[in-house]
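Engineer: Structure supplied as run.cif; contents: mmCIF, C-alpha atoms and all ligand atoms.
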```
data_final
#
loop_
_atom_site.label_atom_id
_atom_site.label_comp_id
_atom_site.auth_asym_id
_atom_site.auth_seq_id
_atom_site.Cartn_x
_atom_site.Cartn_y
_atom_site.Cartn_z
CA MET B 1 52.13 26.77 112.20
CA LYS B 2 49.27 27.72 114.51
CA ILE B 3 45.63 27.65 113.49
CA GLU B 4 43.23 29.08 116.00
CA PRO B 5 39.45 28.94 115.58
CA LYS B 6 37.59 32.02 116.69
CA GLN B 7 33.99 33.20 116.59
CA ILE B 8 33.72 36.86 115.73
CA LYS B 9 30.48 38.82 115.74
CA ILE B 10 29.52 40.77 112.64
CA ARG B 11 29.17 43.79 114.94
CA GLU B 12 32.90 43.57 115.72
CA VAL B 13 33.91 43.07 112.12
CA PHE B 14 31.79 46.01 110.95
CA ASP B 15 33.48 48.30 113.48
CA GLY B 16 35.61 50.79 111.54
CA TYR B 17 34.61 49.37 108.15
CA ALA B 18 36.07 51.54 105.38
CA ASP B 19 36.22 50.96 101.65
CA GLN B 20 39.21 52.97 100.45
CA GLY B 21 39.09 51.86 96.82
CA ASP B 22 42.55 51.09 95.47
CA ASP B 23 44.00 51.51 98.94
CA GLY B 24 42.05 48.52 100.21
CA VAL B 25 39.01 47.68 102.32
CA PHE B 26 39.42 47.57 106.10
CA ALA B 27 37.29 46.54 109.09
CA TYR B 28 37.49 45.11 112.62
CA GLY B 29 38.67 48.38 114.11
CA GLY B 30 41.06 48.92 111.21
CA ARG B 31 42.98 45.75 112.04
CA LEU B 32 41.55 43.57 109.27
CA ALA B 33 42.27 44.05 105.58
CA ILE B 34 39.25 42.46 103.92
CA ARG B 35 40.82 43.39 100.64
CA PRO B 36 44.46 44.54 100.76
CA PRO B 37 45.52 47.43 98.52
CA TYR B 38 45.52 46.70 94.79
CA GLN B 39 43.89 43.34 94.99
CA ARG B 40 41.17 41.80 92.88
CA GLU B 41 37.87 43.56 93.30
CA PHE B 42 34.60 42.31 94.65
CA VAL B 43 32.92 40.05 92.12
CA TYR B 44 29.71 38.74 93.79
CA ASP B 45 26.54 39.87 92.04
CA ASN B 46 23.54 41.08 94.07
CA ASP B 47 21.87 37.66 94.13
CA GLN B 48 24.94 36.00 95.59
CA ALA B 49 25.39 38.82 98.07
CA GLU B 50 21.74 38.62 99.10
CA SER B 51 21.98 34.88 99.67
CA VAL B 52 24.77 35.54 102.19
CA ILE B 53 22.49 37.94 104.09
CA GLN B 54 19.59 35.47 103.96
CA THR B 55 21.85 32.77 105.41
CA VAL B 56 22.93 35.10 108.21
CA LEU B 57 19.34 36.20 108.94
CA LYS B 58 18.20 32.61 109.31
CA GLY B 59 21.15 31.88 111.58
CA PHE B 60 22.46 29.16 109.30
CA PRO B 61 26.21 28.57 109.23
CA LEU B 62 28.39 30.12 106.58
CA ASN B 63 31.50 28.22 105.59
CA VAL B 64 34.57 28.76 107.69
CA MET B 65 36.67 31.79 106.82
CA TYR B 66 40.43 32.10 107.02
CA TRP B 67 42.31 35.12 108.27
CA VAL B 68 46.07 35.41 108.14
CA LYS B 69 47.90 37.09 110.95
CA ALA B 70 50.05 39.69 109.18
CA SER B 71 51.47 41.32 112.32
CA PRO B 72 50.78 40.86 116.05
CA ASP B 73 47.65 42.96 115.72
CA SER B 74 46.59 42.89 112.07
CA TYR B 75 44.96 40.38 109.78
CA GLU B 76 44.18 39.78 106.13
CA VAL B 77 41.25 37.77 104.84
CA LEU B 78 42.56 34.80 102.89
CA ASP B 79 39.27 33.08 102.28
CA GLY B 80 35.87 34.67 102.87
CA GLN B 81 36.51 38.02 101.28
CA GLN B 82 33.37 38.10 99.19
CA ARG B 83 31.09 36.84 101.95
CA THR B 84 32.49 39.42 104.35
CA LEU B 85 32.14 42.21 101.79
CA SER B 86 28.55 41.15 101.04
CA VAL B 87 27.65 41.65 104.67
CA MET B 88 29.58 44.91 105.04
CA GLN B 89 28.04 46.36 101.90
CA TYR B 90 24.55 45.45 103.05
CA LEU B 91 25.22 47.23 106.33
CA LYS B 92 26.28 50.23 104.26
CA HIS B 93 22.89 50.25 102.45
CA GLN B 94 24.44 49.35 99.14
CA TYR B 95 21.75 46.87 98.05
CA PRO B 96 18.37 45.60 99.32
CA ILE B 97 17.24 42.09 100.17
CA THR B 98 13.77 40.62 99.71
CA LEU B 99 11.65 39.50 102.69
CA ASP B 100 8.06 38.35 102.14
CA GLY B 101 8.08 39.88 98.69
CA LYS B 102 9.25 43.29 99.87
CA LYS B 103 12.63 44.96 99.37
CA TYR B 104 14.48 45.93 102.52
CA TYR B 105 17.54 48.04 102.80
CA TRP B 106 19.49 47.69 106.02
CA ASP B 107 17.95 50.71 107.77
CA ALA B 108 14.40 49.47 107.09
CA LEU B 109 14.88 46.01 108.62
CA PRO B 110 12.76 45.13 111.68
CA ASP B 111 14.72 45.34 114.95
CA ASP B 112 14.93 41.59 115.52
CA SER B 113 16.45 41.08 112.07
CA TYR B 114 18.88 43.90 112.79
CA ASP B 115 20.05 42.15 115.95
CA ALA B 116 20.15 38.77 114.22
CA ILE B 117 22.67 40.13 111.75
CA MET B 118 24.79 42.16 114.16
CA ASN B 119 25.08 39.29 116.63
CA TYR B 120 25.75 36.62 114.04
CA GLU B 121 29.15 35.05 114.50
CA PHE B 122 31.58 34.37 111.70
CA MET B 123 33.57 31.19 112.20
CA VAL B 124 37.13 32.28 111.53
CA TYR B 125 40.36 30.29 111.53
CA ILE B 126 43.25 32.57 112.30
CA CYS B 127 46.53 31.24 111.09
CA GLU B 128 49.98 32.21 112.11
CA GLY B 129 53.34 30.73 111.23
CA LYS B 130 56.40 30.83 109.06
CA GLU B 131 55.81 32.06 105.54
CA SER B 132 56.71 28.76 103.94
CA GLU B 133 54.27 26.94 106.25
CA LYS B 134 51.47 29.35 105.50
CA LEU B 135 51.99 29.07 101.78
CA GLU B 136 51.91 25.29 101.92
CA TRP B 137 48.78 25.33 104.05
CA PHE B 138 47.02 27.95 101.90
CA ARG B 139 47.54 25.78 98.85
CA VAL B 140 45.66 22.97 100.53
CA VAL B 141 42.86 25.27 101.74
CA ASN B 142 42.66 26.78 98.29
CA ILE B 143 41.69 23.50 96.70
CA ALA B 144 38.39 23.67 98.56
CA GLY B 145 37.59 27.32 98.57
CA ALA B 146 38.69 30.62 97.16
CA LYS B 147 40.52 29.42 94.04
CA LEU B 148 43.33 31.89 94.32
CA THR B 149 46.09 31.88 91.73
CA GLU B 150 49.60 30.90 92.81
CA GLN B 151 50.66 34.53 92.85
CA GLU B 152 47.59 35.56 94.85
CA LEU B 153 48.60 32.94 97.39
CA ARG B 154 52.16 34.26 97.52
CA ASN B 155 50.81 37.78 97.94
CA SER B 156 48.79 36.72 100.95
CA VAL B 157 51.94 35.46 102.65
CA TYR B 158 54.71 37.88 101.70
CA THR B 159 52.98 41.09 102.69
CA GLY B 160 54.67 44.40 103.36
CA ALA B 161 55.68 47.72 101.83
CA TRP B 162 57.43 46.04 98.90
CA LEU B 163 54.27 44.17 97.89
CA SER B 164 52.02 47.22 98.17
CA ASP B 165 54.34 49.12 95.88
CA ALA B 166 54.67 46.21 93.43
CA LYS B 167 50.88 45.94 93.22
CA ARG B 168 50.69 49.64 92.43
CA TYR B 169 52.62 48.95 89.22
CA PHE B 170 51.43 45.47 88.30
CA SER B 171 48.02 44.68 89.74
CA LYS B 172 45.23 46.80 88.32
CA ARG B 173 43.44 46.74 85.03
CA ASN B 174 45.05 49.99 83.89
CA CYS B 175 48.22 49.77 85.90
CA ALA B 176 51.47 51.16 84.50
CA ALA B 177 52.89 47.71 83.70
CA LYS B 178 49.78 46.73 81.73
CA LEU B 179 49.80 49.95 79.73
CA LEU B 180 53.50 49.57 78.99
CA SER B 181 53.50 45.90 78.02
CA ASP B 182 50.04 45.10 76.68
CA LYS B 183 51.27 44.64 73.09
CA TYR B 184 53.88 42.10 74.15
CA ILE B 185 52.91 40.31 77.34
CA THR B 186 49.64 38.55 78.18
CA GLY B 187 48.25 38.21 81.69
CA ASP B 188 45.46 39.58 83.82
CA PRO B 189 46.81 42.12 86.31
CA ASN B 190 43.78 41.55 88.57
CA ARG B 191 44.70 37.90 88.93
CA GLN B 192 48.34 38.91 89.61
CA GLU B 193 49.50 37.23 86.41
CA LEU B 194 51.49 40.22 85.24
CA LEU B 195 53.22 40.53 88.59
CA GLU B 196 53.99 36.82 88.42
CA LYS B 197 55.55 37.14 84.96
CA ALA B 198 57.71 40.06 86.03
CA LEU B 199 58.81 38.15 89.13
CA ARG B 200 59.56 35.02 87.18
CA GLY B 201 61.67 37.11 84.82
CA ILE B 202 63.68 38.92 87.45
CA CYS B 203 64.26 35.67 89.36
CA GLU B 204 65.75 34.06 86.28
CA TYR B 205 67.77 37.24 85.66
CA GLN B 206 69.22 37.15 89.17
CA GLY B 207 69.62 33.37 89.34
CA ILE B 208 66.95 32.93 92.00
CA SER B 209 65.06 29.69 91.60
CA GLU B 210 61.76 30.47 93.35
CA ILE B 211 59.53 33.55 93.31
CA THR B 212 58.93 33.06 97.03
CA GLU B 213 62.67 33.39 97.62
CA TYR B 214 62.71 36.76 95.89
CA MET B 215 59.62 37.93 97.78
CA ALA B 216 61.02 36.79 101.11
CA ARG B 217 64.24 38.64 100.42
CA TYR B 218 62.66 41.96 99.43
CA LYS B 219 59.32 42.04 101.26
CA SER B 220 60.53 44.58 103.81
CA ASP B 221 61.96 46.95 101.21
CA ALA B 222 60.23 50.31 101.04
CA ASP B 223 59.46 49.98 97.35
CA ALA B 224 59.54 47.66 94.34
CA ASP B 225 61.63 49.94 92.14
CA GLU B 226 64.04 47.21 91.18
CA LEU B 227 61.29 45.00 89.76
CA TRP B 228 59.61 47.88 87.96
CA GLN B 229 62.95 49.01 86.48
CA TYR B 230 63.67 45.49 85.28
CA PHE B 231 60.26 45.18 83.65
CA GLN B 232 60.66 48.51 81.85
CA ASP B 233 64.12 47.45 80.66
CA VAL B 234 62.62 44.30 79.12
CA ILE B 235 59.94 46.16 77.18
CA HIS B 236 62.26 48.94 76.05
CA TRP B 237 64.76 46.36 74.85
CA VAL B 238 62.08 44.60 72.77
CA GLU B 239 61.03 47.90 71.24
CA LYS B 240 64.63 48.71 70.40
CA ILE B 241 65.55 45.37 68.82
CA PHE B 242 62.24 44.87 66.98
CA PRO B 243 61.00 48.40 66.29
CA LYS B 244 58.28 47.29 63.89
CA TYR B 245 55.39 45.67 65.72
CA PHE B 246 53.69 42.44 64.59
CA LEU B 247 50.68 40.90 66.33
CA ASP B 248 52.45 37.56 66.80
CA MET B 249 54.89 39.27 69.17
CA LYS B 250 52.22 39.21 71.84
CA GLY B 251 52.46 36.39 74.35
CA LEU B 252 56.12 35.47 73.86
CA ASP B 253 58.24 35.04 76.97
CA TRP B 254 59.97 38.38 76.51
CA CYS B 255 61.43 38.44 80.01
CA HIS B 256 63.23 35.19 79.28
CA LEU B 257 64.40 36.41 75.86
CA TYR B 258 65.70 39.59 77.45
CA ASN B 259 67.55 37.60 80.11
CA GLU B 260 69.17 35.40 77.49
CA TYR B 261 70.03 37.88 74.78
CA HIS B 262 70.16 41.45 76.05
CA ASN B 263 73.97 41.41 76.17
CA PHE B 264 74.30 40.69 72.45
CA ALA B 265 74.36 43.41 69.83
CA TYR B 266 71.75 43.41 67.08
CA ASN B 267 71.18 45.72 64.17
CA SER B 268 67.53 46.69 64.35
CA SER B 269 67.13 47.47 60.66
CA VAL B 270 68.58 44.07 59.72
CA MET B 271 66.22 42.49 62.25
CA ALA B 272 63.23 44.33 60.78
CA ALA B 273 64.08 43.13 57.25
CA GLU B 274 64.61 39.57 58.48
CA VAL B 275 61.32 39.48 60.38
CA LYS B 276 59.56 40.56 57.22
CA ARG B 277 61.40 38.04 55.03
CA LEU B 278 60.72 35.13 57.39
CA HIS B 279 57.04 36.00 57.69
CA GLU B 280 56.87 35.61 53.90
CA ASP B 281 58.85 32.35 53.75
CA GLU B 282 56.44 29.44 53.26
CA ASP B 283 58.86 26.99 54.87
CA VAL B 284 58.43 28.77 58.21
CA GLN B 285 55.54 27.00 59.86
CA LYS B 286 55.86 28.64 63.27
CA PRO B 287 56.03 32.42 62.81
CA LYS B 288 56.00 33.03 66.57
CA GLY B 289 59.47 31.46 66.67
CA ILE B 290 60.91 34.08 64.33
CA TYR B 291 61.97 36.49 67.08
CA GLU B 292 63.90 34.03 69.20
CA PHE B 293 65.35 32.50 66.03
CA LEU B 294 66.78 35.87 65.01
CA LEU B 295 68.17 36.42 68.50
CA CYS B 296 69.98 33.09 68.70
CA ARG B 297 70.77 31.98 65.14
CA ASP B 298 74.38 33.17 65.33
CA THR B 299 75.06 31.17 68.48
CA ASP B 300 72.75 28.14 68.22
CA PRO B 301 73.38 25.63 65.40
CA PHE B 302 69.89 24.21 65.95
CA ALA B 303 68.07 27.57 65.84
CA GLY B 304 66.01 26.39 62.86
CA ARG B 305 63.93 24.16 65.12
CA LEU B 306 62.29 27.30 66.52
CA LEU B 307 60.62 27.88 63.16
CA ASN B 308 59.27 24.36 62.73
CA LEU B 309 60.60 24.37 59.17
CA ARG B 310 58.66 22.44 56.61
CA ALA B 311 60.18 19.02 55.91
CA PHE B 312 60.32 17.22 52.57
CA ASP B 313 57.25 15.09 51.97
CA LYS B 314 57.45 11.41 51.14
CA ARG B 315 57.01 11.90 47.40
CA ASP B 316 60.01 14.27 47.23
CA LYS B 317 62.08 11.86 49.28
CA LEU B 318 61.17 8.80 47.17
CA ALA B 319 62.07 10.69 44.00
CA ALA B 320 65.47 11.66 45.42
CA TYR B 321 66.04 8.10 46.69
CA SER B 322 65.44 6.63 43.27
CA ARG B 323 67.60 9.33 41.58
CA GLN B 324 70.46 8.34 43.90
CA ASN B 325 69.82 4.57 43.48
CA GLY B 326 69.74 4.32 47.28
CA ILE B 327 73.32 5.57 47.65
CA CYS B 328 74.21 8.10 50.34
CA PRO B 329 76.21 10.82 48.50
CA ILE B 330 78.45 11.47 51.50
CA CYS B 331 79.66 7.98 52.53
CA GLY B 332 78.87 6.21 49.25
CA GLU B 333 77.09 3.29 50.95
CA HIS B 334 73.74 1.82 49.96
CA PHE B 335 70.81 2.06 52.39
CA ALA B 336 67.13 1.12 52.52
CA PHE B 337 64.74 4.07 52.12
CA GLU B 338 63.71 3.88 55.80
CA GLU B 339 67.35 4.23 56.89
CA MET B 340 67.72 7.60 55.17
CA GLU B 341 66.53 11.15 55.81
CA GLY B 342 65.56 14.03 53.55
CA ASP B 343 68.11 16.84 53.46
CA HIS B 344 68.31 20.27 51.85
CA ILE B 345 71.18 20.22 49.29
CA LYS B 346 71.46 23.98 49.71
CA PRO B 347 70.64 24.53 53.38
CA TRP B 348 67.51 26.52 54.23
CA SER B 349 69.68 28.94 56.20
CA LYS B 350 71.63 29.71 53.01
CA GLY B 351 68.49 30.38 51.03
CA GLY B 352 67.73 26.80 49.89
CA GLN B 353 64.04 25.95 49.77
CA THR B 354 61.95 22.90 50.48
CA THR B 355 61.42 22.03 46.82
CA PRO B 356 61.89 18.61 45.08
CA ASP B 357 65.05 19.68 43.20
CA ASN B 358 66.73 20.75 46.48
CA CYS B 359 66.11 17.38 48.15
CA GLN B 360 68.69 14.66 48.70
CA MET B 361 68.62 11.53 50.87
CA LEU B 362 71.41 11.01 53.42
CA CYS B 363 71.98 8.08 55.71
CA LYS B 364 71.15 8.92 59.33
CA ALA B 365 74.79 8.89 60.42
CA CYS B 366 75.91 11.33 57.72
CA ASN B 367 72.87 13.56 58.23
CA GLY B 368 73.67 13.74 61.94
CA LYS B 369 77.20 14.92 61.24
CA LYS B 370 76.18 17.66 58.83
CA SER B 371 77.26 21.11 60.05
CA ASP B 372 74.45 23.08 58.39
CA LYS B 373 71.67 21.89 60.63
CA TYR B 374 68.91 23.74 58.83
ZN ZN K 1 76.09 8.25 54.59
#
```
Show how you would write the structure in this file as structure tokens.
Ligand SMILES: [Zn+2]
Structural biologist:
Amino acid sequence: MKIEPKQIKIREVFDGYADQGDDGVFAYGGRLAIRPPYQREFVYDNDQAESVIQTVLKGFPLNVMYWVKASPDSYEVLDGQQRTLSVMQYLKHQYPITLDGKKYYWDALPDDSYDAIMNYEFMVYICEGKESEKLEWFRVVNIAGAKLTEQELRNSVYTGAWLSDAKRYFSKRNCAAKLLSDKYITGDPNRQELLEKALRGICEYQGISEITEYMARYKSDADADELWQYFQDVIHWVEKIFPKYFLDMKGLDWCHLYNEYHNFAYNSSVMAAEVKRLHEDEDVQKPKGIYEFLLCRDTDPFAGRLLNLRAFDKRDKLAAYSRQNGICPICGEHFAFEEMEGDHIKPWSKGGQTTPDNCQMLCKACNGKKSDKY
């Protein structure tokens, strides 16, 4: 890992400055991506931007900026994006600053102020190294400065054609992935949260333990078709299995559910009826668990835990205990109340409810051996 400090005049950075919208913002003779394609947009307001210009005009130091060397002759801004954009946008006459109570756009500035800005030097650390080293180092830098998300950090390291294409699908407010999945998956595309969720899903699907491993493997690919295909498969599967939409479907880990259960067969009209029935069942205290419950109940004897089923209250249990005279009906032994647990005589999964007449007390050992777990 090499970190090289360099002073770079604003005049040099401004050379070739071009804001290409979604395709990124470039400067420094086209060699610097101030904002790479499909990344979070400029968020400084005019006051913050003006204070950058005032700092520069007075010749005071701005905080150090970090550029990443992406290729032998190209860089990306890791930290300092908004300060750099503030300066560039002022030089493009996009907002005025106030001097002695008067508003000045760039072209109206007195000559000495003009020179003061153009000759001002940014203090830039240029870093170069293995991807894993950069990522580790960026995390440390990030604590102090730019507050990038984990996925934004990964994106600043694993650059290339694959990433540009992936961002096209996953990284804008109205990107295709957001439009497709908004009813089911939460996450701000601008903060790369949707991309992160898709990546986490496909990694699990392919048995890859780290997102960085996936990105390192595919970063030189021409496109991100595989990831986009996978993500579409997930959403289409959800829509097929659960054709009727409920609001509590939003925010579940659908990628994970797809990975786990997409090879099983489900009857969607049975599923629809079951979702409706469970939403109406007062014993179900965690409705968000209904979907995974229905996917796994045939294979997981403990599936009921997903619904946080209502338990018998103490009054019901005491009544059952006294009815049984403290005897466990399975082993026939006597136990203290505290050594016993409330149990559904007719299991909940067979239609039994959490009502006093369906309550019996079992000793812990017998309750643990029961095959109907819920
Ligand atoms: Zn017993």
Engineer: Give as a list in words the residues surrounding ligand ZN 1 (chain K) up to a distance of 12 Å, considering only C-alpha atoms and all ligand atoms.
Structural biologist: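 Those residues are Gly326, Ile327, Cys328, Pro329, Ile330, Cys331, Gly332, Glu333, His334, Phe335, Ala336, Glu339, Met340, Glu341, Asp343, Gln360, Met361, Leu362, Cys363, Lys364, Ala365, Cys366, Asn367, Gly368, Lys369 and Lys370 of chain B.
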Engineer: Can those selected residues be exported to a file as a compact mmCIF listing (two decimals), keeping the file's coordinate frame so that it contains C-alpha atoms?
Structural biologist:
```
# COMPACT_ATOMS: atom_id res chain seq x y z
CA GLY B 326 69.74 4.32 47.28
CA ILE B 327 73.32 5.57 47.65
CA CYS B 328 74.21 8.10 50.34
CA PRO B 329 76.21 10.82 48.50
CA ILE B 330 78.45 11.47 51.50
CA CYS B 331 79.66 7.98 52.53
CA GLY B 332 78.87 6.21 49.25
CA GLU B 333 77.09 3.29 50.95
CA HIS B 334 73.74 1.82 49.96
CA PHE B 335 70.81 2.06 52.39
CA ALA B 336 67.13 1.12 52.52
CA GLU B 339 67.35 4.23 56.89
CA MET B 340 67.72 7.60 55.17
CA GLU B 341 66.53 11.15 55.81
CA ASP B 343 68.11 16.84 53.46
CA GLN B 360 68.69 14.66 48.70
CA MET B 361 68.62 11.53 50.87
CA LEU B 362 71.41 11.01 53.42
CA CYS B 363 71.98 8.08 55.71
CA LYS B 364 71.15 8.92 59.33
CA ALA B 365 74.79 8.89 60.42
CA CYS B 366 75.91 11.33 57.72
CA ASN B 367 72.87 13.56 58.23
CA GLY B 368 73.67 13.74 61.94
CA LYS B 369 77.20 14.92 61.24
CA LYS B 370 76.18 17.66 58.83
```
Engineer: Please produce, as a Markdown table, a per-residue contact table for range 113-174 of chain B versus range 208-217 of chain B (criterion: any atom at most 10 Å away, all atoms listed in the file considered), showing the nearest atom pair and its distance in Å to one decimal, sorted by chain then residue number.
Structural biologist:
```
| residue | atom | partner | partner_atom | distance |
| --- | --- | --- | --- | --- |
| B:Glu131 | CA | B:Ala216 | CA | 8.3 |
| B:Ser132 | CA | B:Thr212 | CA | 8.4 |
| B:Leu135 | CA | B:Thr212 | CA | 9.3 |
| B:Gln151 | CA | B:Ile211 | CA | 8.9 |
| B:Arg154 | CA | B:Thr212 | CA | 6.9 |
| B:Asn155 | CA | B:Met215 | CA | 8.8 |
| B:Val157 | CA | B:Thr212 | CA | 9.3 |
| B:Tyr158 | CA | B:Met215 | CA | 6.3 |
| B:Thr159 | CA | B:Met215 | CA | 8.8 |
| B:Gly160 | CA | B:Met215 | CA | 9.9 |
| B:Trp162 | CA | B:Met215 | CA | 8.5 |
| B:Leu163 | CA | B:Met215 | CA | 8.2 |
```
Engineer: How close does each residue of range 219-270 of chain B get to range 286-300 of chain B, giving the shortest atom pair and distance in Å to one decimal for every residue with an atom at most 12 Å away, counting only C-alpha atoms, sorted by chain and residue number, as CSV?
Structural biologist:
```
residue,atom,partner,partner_atom,distance
B:Val238,CA,B:Tyr291,CA,9.9
B:Ile241,CA,B:Leu295,CA,9.3
B:Phe242,CA,B:Tyr291,CA,8.4
B:Pro243,CA,B:Tyr291,CA,12.0
B:Lys244,CA,B:Tyr291,CA,11.9
B:Tyr245,CA,B:Tyr291,CA,11.4
B:Phe246,CA,B:Lys288,CA,9.9
B:Leu247,CA,B:Lys288,CA,9.5
B:Asp248,CA,B:Lys288,CA,5.8
B:Met249,CA,B:Lys288,CA,6.9
B:Lys250,CA,B:Lys288,CA,9.0
B:Gly251,CA,B:Lys288,CA,9.2
B:Leu252,CA,B:Lys288,CA,7.7
B:Asp253,CA,B:Glu292,CA,9.7
B:Trp254,CA,B:Glu292,CA,9.4
B:Cys255,CA,B:Glu292,CA,11.9
B:His256,CA,B:Glu292,CA,10.2
B:Leu257,CA,B:Glu292,CA,7.1
B:Tyr258,CA,B:Leu295,CA,9.8
B:Asn259,CA,B:Leu295,CA,11.7
B:Glu260,CA,B:Leu295,CA,9.1
B:Tyr261,CA,B:Leu295,CA,6.7
B:His262,CA,B:Leu295,CA,9.3
B:Asn263,CA,B:Leu295,CA,10.8
B:Phe264,CA,B:Leu295,CA,8.5
B:Ala265,CA,B:Leu295,CA,9.4
B:Tyr266,CA,B:Leu295,CA,8.0
B:Asn267,CA,B:Leu295,CA,10.7
B:Ser268,CA,B:Leu294,CA,10.9
B:Val270,CA,B:Leu294,CA,9.9
```
Engineer: Determine, counting all atoms listed in the file, which protein, DNA and RNA residues have an atom within 10 Å of an atom of Trp348 in chain B; residues of the same chain fewer than 3 positions away are not included. Present the result as a list in words.
Structural biologist: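 Here the answer would be Asp283, Gly304, Leu309, Asp343, His344, Ile345, Gly351, Gly352, Gln353, Thr354, Asn358, Asp372, Lys373 and Tyr374 of chain B.
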Engineer: Mind pulling up the distance from CA of His279 in chain B to CA of Phe302 in chain B?
Structural biologist: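 Separation between CA of Phe302 in chain B and CA of His279 in chain B: 19.3 Å.
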Engineer: Give me the residues within 12 Å of Asp107 in chain B as JSON, numbers by chain, counting only C-alpha atoms and dropping any in the same chain fewer than 5 places off.
Structural biologist: {"B": [90, 91, 92, 93, 94, 95, 96, 97, 113, 114]}
Engineer: Using all atoms listed in the file, pick whichever of B:Ser71, B:Thr84, B:Gln48, B:Ser164 has the shortest atom-to-atom distance to Val124 in chain B.
Structural biologist: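 For Val124 in chain B, the nearest of the candidates is B:Thr84.
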Engineer: In Å, rounded to a single decimal, give me how far CA of Asp357 in chain B is from CA of Val284 in chain B.
Structural biologist: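 CA of Val284 in chain B sits 18.8 Å away from CA of Asp357 in chain B.
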Engineer: Ranking B:Leu306, B:Ala27, B:Cys359, B:Ile53 by minimum distance to Tyr105 in chain B and counting only C-alpha atoms, which one comes first?
Structural biologist: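 Selected residue with least distance to Tyr105 in chain B: B:Ile53.
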Engineer: In Å, how far is it from CA of Asp188 in chain B to CA of Cys175 in chain B?
Structural biologist: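 About the pair CA of Asp188 in chain B and CA of Cys175 in chain B: they are 10.8 Å apart.
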Engineer: Here is a test: counting all atoms listed in the file, which residue of B:Glu282, B:Lys167, B:Phe26, B:Ser322 is nearest to Asn308 in chain B?
Structural biologist: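 Of B:Glu282, B:Lys167, B:Phe26, B:Ser322, the one nearest Asn308 in chain B, counting all atoms listed in the file, is B:Glu282.
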Engineer: Taking into account only C-alpha atoms, which residue in the set B:Met123, B:Leu179, B:Leu78, B:Val275 is nearest to Leu148 in chain B?
Structural biologist: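 Under the stated criterion, the closest residue is B:Leu78.
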